[in-house]
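S.K.: Attaching a single structure in structure tokens format; questions to follow.
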Amino acid sequence: MPYEPQPHTLDAEAVRTWSSLALAALGRAREDIDAINVYPVADADTGTNLYLTAESAARELAAAFASASADVTDTTPPEPALLSLPEAVRAYAHGALTGARGNSGTILAQLLRGVADVLGAEPEGRDPGPLLAQALTRAAEEAYQAVAHPVEGTMLTVAAAAAKAGHAAAGTAVDVARAAYDGARAALAETPGQLAALGRAGVVDAGGCGLVAVLGALWQALSGREPAAEPIRGRAVPVPRSPEPCAEEHGGPAYEVIYLLEAGEPAVGELRARLDGLGDSLVVVGGDGLWNVHVHVDDPGAAVEAGVVAGRPYRIRITHFGDERRRAVAPRAQRAAVAVVPGEGLAGLCGEAGATTVLARPDAPPAPADLVDAIRRAHAREVVLLPNDSEWRAAASAAAEQARADGVRVAVIPTRSAVQGLAALAVHDPDASFDEDVVAMTAAAGATRYGELAVAERQSFTSAGICQAGDVLGLIDGDVAVIGPGLPETAEAVLDRMLGSGGELVTLVLGEDVPDALAARLEAYVQHGHLAVDTVTYRGGRYSAPLLIGVE
């Protein structure tokens with residue numbers, strides 16, 4: 001028997017139902033929304049970005065309910081709701097903020113934050129109808145403020161129309177939600193006449209189309225009645241694409257840069273001004289010390305550097321629009337590799353080997369959603385996933401399970417270091433059978449011993465003895481094996497131990513601030529003591545360890 005939502009008052013259960021229905025609605029409409037995505041860049045991903053944002057929001061809300069449920073003991077009297085409305089709506093908005101994807105997903109996250117700013121302010125005793133109308137109004141206002149240069153005929157216009165219609169409605173929360181939904185639908189139909197790019201393509205705004213689905217889910221959650229299915233205008237109209245699309249076709253910057261940022265509000269104000277001078281489609285959403293930054297630029301490094309000046313950027317994602325457009329028109333590959341890497345240089349190496357990469361670092365591990373997104377971007381029926389750190393294995397396994405539910409065959413290669421990942425990618429063969437490829441990559445990773453140099457931050461007990469702050473730690477296969485005074489001496493001691501059991505190839509990956517002279521010294525050291533061993537050196541880039549060592 002099909003699930004029939006029951007009507008809800010404006011409470012935590014209503015938010016949970018809204019979350020579930022919105023995710024389902026965006027899932028159904030995802031491909032159609034992708035197909036009408038022509039503004040600001042025709043990269044056919046708006047529906048996917050909205051879905052991934054809603055998925056992140058739903059996941060955090062579900063976790064909040066699960067946590068509240070775990071706190072209830074057998075002796076606790078049953079409560080009508082495990083979460084309050086403020087707790088539920090704040091969790092929903094926070095999940096959208098941390099998982100926002102693309103221009104449309106970032107704006108959706110700020111819309112939900114606006115709703116949370118009103119409904120999360122202890123609204124007990126207030127009339128739900130006017131309260132919801134106020135929340136929708138705040139959402140539209142905050143979304144406009146988050147966009148550096150608002151454009152009419154977009155998702156913002158649809159949000160403003162929904163808020164205006166909801167404010168004009170007199171009555172219950174159900175009445176307000178219905179009026180907002182109808183107002184959004186009417187505004188969406190007008191978008192081709194407001195934005196020339198939409199009019200030329202004969203489509204409505206893709207982001208606005210997704211917002212209509214979210215508002216329809218809100219009305220359904222409160223009323224228990226399902227909105228009538230309606231076709232997405234223009235979904236049969238192909239987005240203009242050339243046989244060999246390039247990043248410059250859309251007439252704007254070549255890269256999309258997204259990252260989470262921990263920073264104070266004054267620093268974020270300066271960041272907005274700096275990023276506005278670098279590119280366009282700037283959207284900065286969030287607050288209370290946590291922000292989601294989205295911008296289109298030609299110099300992605302400068303955009304990330306601006307974040308470093310403002311605070312602590314992490315979960316950095318850089319996408320080349322030419323790559324996105326090629327994926328939109330390309331047939332699905334049979335097999336692809338996805339690798340988690342702790343530095344831009346390593347990302348480049350893995351990218352050259354054909355892998356889709358996810359940037360991460362020890363203090364900002366990858367979330368399962370980041371890996372699922374990368375699997376989807378890989379656009380293949382089969383995927384080999386390389387976590388490249390034992391601490392990131394759980395996230396990789398969770399992402400693999402979710403991707404399998406989407407129909408992608410995924411195997412997690414148990415790589416515990418980036419050098420093991422490089423060894424596995426070296427034998428990756430998309431033309432072999434899936435099982436043969438997985439076995440070969442796993443064997444190559446397992447045959448590679450890995451070492452790492454790190455600098456101790458404080459006095460501590462290790463498996464090699466007591467270290468002091470500033471000591472250089474030499475780790476072999478994850479355990480501290482050497483404590484030394486400097487990088488060169490410690491690296492040589494680590495190499496001696498690793499090559500003691502044999503080896504044919506040494507891989508050195510230098511951190512951003514490590515001089516080339518260290519690589520030259522270590523290459524000479526290996527050649528002097530082990531004539532038959534070859535050495536290759538790479539740059540790991542920012543966030544990688546001072547030195548990674550692989551011995552195959």
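Each chain in the structure tokens gets a letter, A, B, ..., in the order shown, and its residues are numbered from 1; ligands are numbered from 1 in order too.
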I'd like to know which residues of region 98-250 of chain A are alpha helix (DSSP H) (by DSSP, run on the backbone); could you write them as an MDAnalysis selection string?

M.R.: chainID A and resid 98:99 102:119 128:146 155:168 173:194 196:201 206:223

S.K.: Out of region 285-360 of chain A, which residues get strand (DSSP E or B) from DSSP, as a count of residues only?

M.R.: 34

S.K.: When you look at Asp389 (chain A) with a cut-off of 9 Å (counting only C-alpha atoms), what residues show up, excluding the ones that are within fewer than 2 positions of it in the same chain? I need them as a list in words.

M.R.: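 Listing them by chain and then by number gives Val340, Val341, Leu386, Pro387, Glu391, Trp392, Arg393, Pro414, Thr415, Arg416, Ser417 and Ala418 of chain A.
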
S.K.: Convert the current residue selection to file output with C-alpha atoms, as a CSV table (one decimal), in the first residue's frame.

M.R.:
chain,number,residue,atom,x,y,z
A,340,VAL,CA,40.7,10.8,-1.6
A,341,VAL,CA,43.9,12.9,-1.4
A,386,LEU,CA,40.6,4.6,-2.8
A,387,PRO,CA,40.3,6.2,0.7
A,391,GLU,CA,40.7,6.9,9.2
A,392,TRP,CA,38.8,7.6,6.0
A,393,ARG,CA,37.8,4.0,5.4
A,414,PRO,CA,41.9,-0.7,1.4
A,415,THR,CA,44.6,1.9,0.7
A,416,ARG,CA,45.9,3.4,4.0
A,417,SER,CA,48.2,6.1,2.4
A,418,ALA,CA,48.3,8.2,-0.7

S.K.: Write out as a list in words which residues come within 8 Å of Gly470 (chain A) when counting only C-alpha atoms, dropping same-chain ones fewer than 4 positions away.

M.R.: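 Once the adjacent positions are removed, what remains is Val455, Ala456, Glu457 and Arg458 of chain A.
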
S.K.: Write out as a list of chain:residue names which residues come within 9 Å of Gly550 (chain A) when counting only C-alpha atoms, dropping same-chain ones fewer than 2 positions away.

M.R.: A:Ser417, A:Ala418, A:Val419, A:Gln420, A:Ala423, A:Thr448, A:Arg449, A:Tyr450, A:Gly451, A:Glu452, A:Met498, A:Leu505, A:Val506, A:Thr507, A:Leu508, A:Val509, A:Leu548, A:Glu552

S.K.: With only C-alpha atoms as the atoms that count, which of A:Ile466, A:Val526, A:Leu108, A:Ala88 lies nearest to Ala493 (chain A)?

M.R.: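 Looking at the shortest contact to Ala493 (chain A), the residue is A:Val526.
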
S.K.: May I ask which of the residues A:Pro485, A:Ala177, A:Ala35, A:Leu85 is the closest one to Leu473 (chain A), counting only C-alpha atoms?

M.R.: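 Ranking A:Pro485, A:Ala177, A:Ala35, A:Leu85 by distance to Leu473 (chain A), first place goes to A:Pro485.
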
S.K.: Which residue out of A:Pro227, A:Gly446, A:Gly120, A:Gly277 has the minimum interatomic distance to Val89 (chain A) when only C-alpha atoms are used?

M.R.: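 Distance minimum relative to Val89 (chain A) lands on A:Gly120.
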
S.K.: For Glu523 (chain A), which residue out of A:Val41, A:Val536, A:Ala398, A:Leu50 is the nearest one, using only C-alpha atoms?

M.R.: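 Ranked by minimum distance to Glu523 (chain A), first place goes to A:Val536.
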
S.K.: Quick one: of A:Glu256, A:Asp479, A:Asp373, A:Asp496, who's nearest to Leu52 (chain A), counting only C-alpha atoms?

M.R.: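 Closest candidate: A:Asp373.
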
S.K.: Here is a test: counting only C-alpha atoms, which residue of A:Ala24, A:Leu487, A:Ala14, A:Val176 is nearest to Arg521 (chain A)?

M.R.: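 Going through A:Ala24, A:Leu487, A:Ala14, A:Val176 one by one, the smallest distance to Arg521 (chain A) is for A:Leu487.
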
S.K.: Mind giving me the straight-line distance from CA of Thr191 (chain A) to CA of Gly166 (chain A) in Å, one decimal?

M.R.: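 These two atoms are separated by 19.4 Å.
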
S.K.: What does the structure give for the distance between CA of Ala364 (chain A) and CA of Val427 (chain A), in Å to one decimal?

M.R.: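 CA of Val427 (chain A) lies at a distance of 29.0 Å from CA of Ala364 (chain A).
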
S.K.: Near Gly301 (chain A), within 10 Å and counting only C-alpha atoms, which residues show up once chain neighbours fewer than 4 positions away are dropped, as a list in words?

M.R.: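 Contacts, in chain order: Val257, Val297, Glu305, Ala306, Gly307, Ile318 and Glu344 of chain A.
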
S.K.: If we count only C-alpha atoms, what is near Arg138 (chain A) at a cut-off of 7 Å, once residues fewer than 3 positions away on the same chain are taken out, given as an mmCIF file with N, CA, C and O atoms, in the first residue's frame?

M.R.:
data_model
loop_
_atom_site.group_PDB
_atom_site.id
_atom_site.type_symbol
_atom_site.label_atom_id
_atom_site.label_comp_id
_atom_site.auth_asym_id
_atom_site.auth_seq_id
_atom_site.Cartn_x
_atom_site.Cartn_y
_atom_site.Cartn_z
ATOM 1 N N GLY A 114 17.171 30.773 6.755
ATOM 2 C CA GLY A 114 16.214 31.836 7.054
ATOM 3 C C GLY A 114 14.982 31.302 7.754
ATOM 4 O O GLY A 114 14.469 31.911 8.714
ATOM 5 N N VAL A 115 14.486 30.157 7.290
ATOM 6 C CA VAL A 115 13.346 29.519 7.957
ATOM 7 C C VAL A 115 13.715 29.156 9.395
ATOM 8 O O VAL A 115 12.948 29.379 10.342
ATOM 9 N N GLN A 134 6.252 34.518 8.300
ATOM 10 C CA GLN A 134 7.435 35.277 8.666
ATOM 11 C C GLN A 134 8.708 34.513 8.312
ATOM 12 O O GLN A 134 9.689 35.100 7.846
ATOM 13 N N ALA A 135 8.691 33.197 8.522
ATOM 14 C CA ALA A 135 9.860 32.376 8.210
ATOM 15 C C ALA A 135 10.171 32.397 6.719
ATOM 16 O O ALA A 135 11.338 32.497 6.314
ATOM 17 N N GLU A 141 14.608 37.021 2.159
ATOM 18 C CA GLU A 141 15.475 38.172 2.413
ATOM 19 C C GLU A 141 16.928 37.733 2.580
ATOM 20 O O GLU A 141 17.839 38.355 2.018
ATOM 21 N N GLU A 142 17.149 36.679 3.354
ATOM 22 C CA GLU A 142 18.523 36.221 3.589
ATOM 23 C C GLU A 142 19.149 35.646 2.323
ATOM 24 O O GLU A 142 20.356 35.771 2.110
#

S.K.: Calculate how many Å separate CA of Thr157 (chain A) from CA of Asn103 (chain A), rounding to one decimal.

M.R.: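 About the pair CA of Thr157 (chain A) and CA of Asn103 (chain A): they are 14.6 Å apart.
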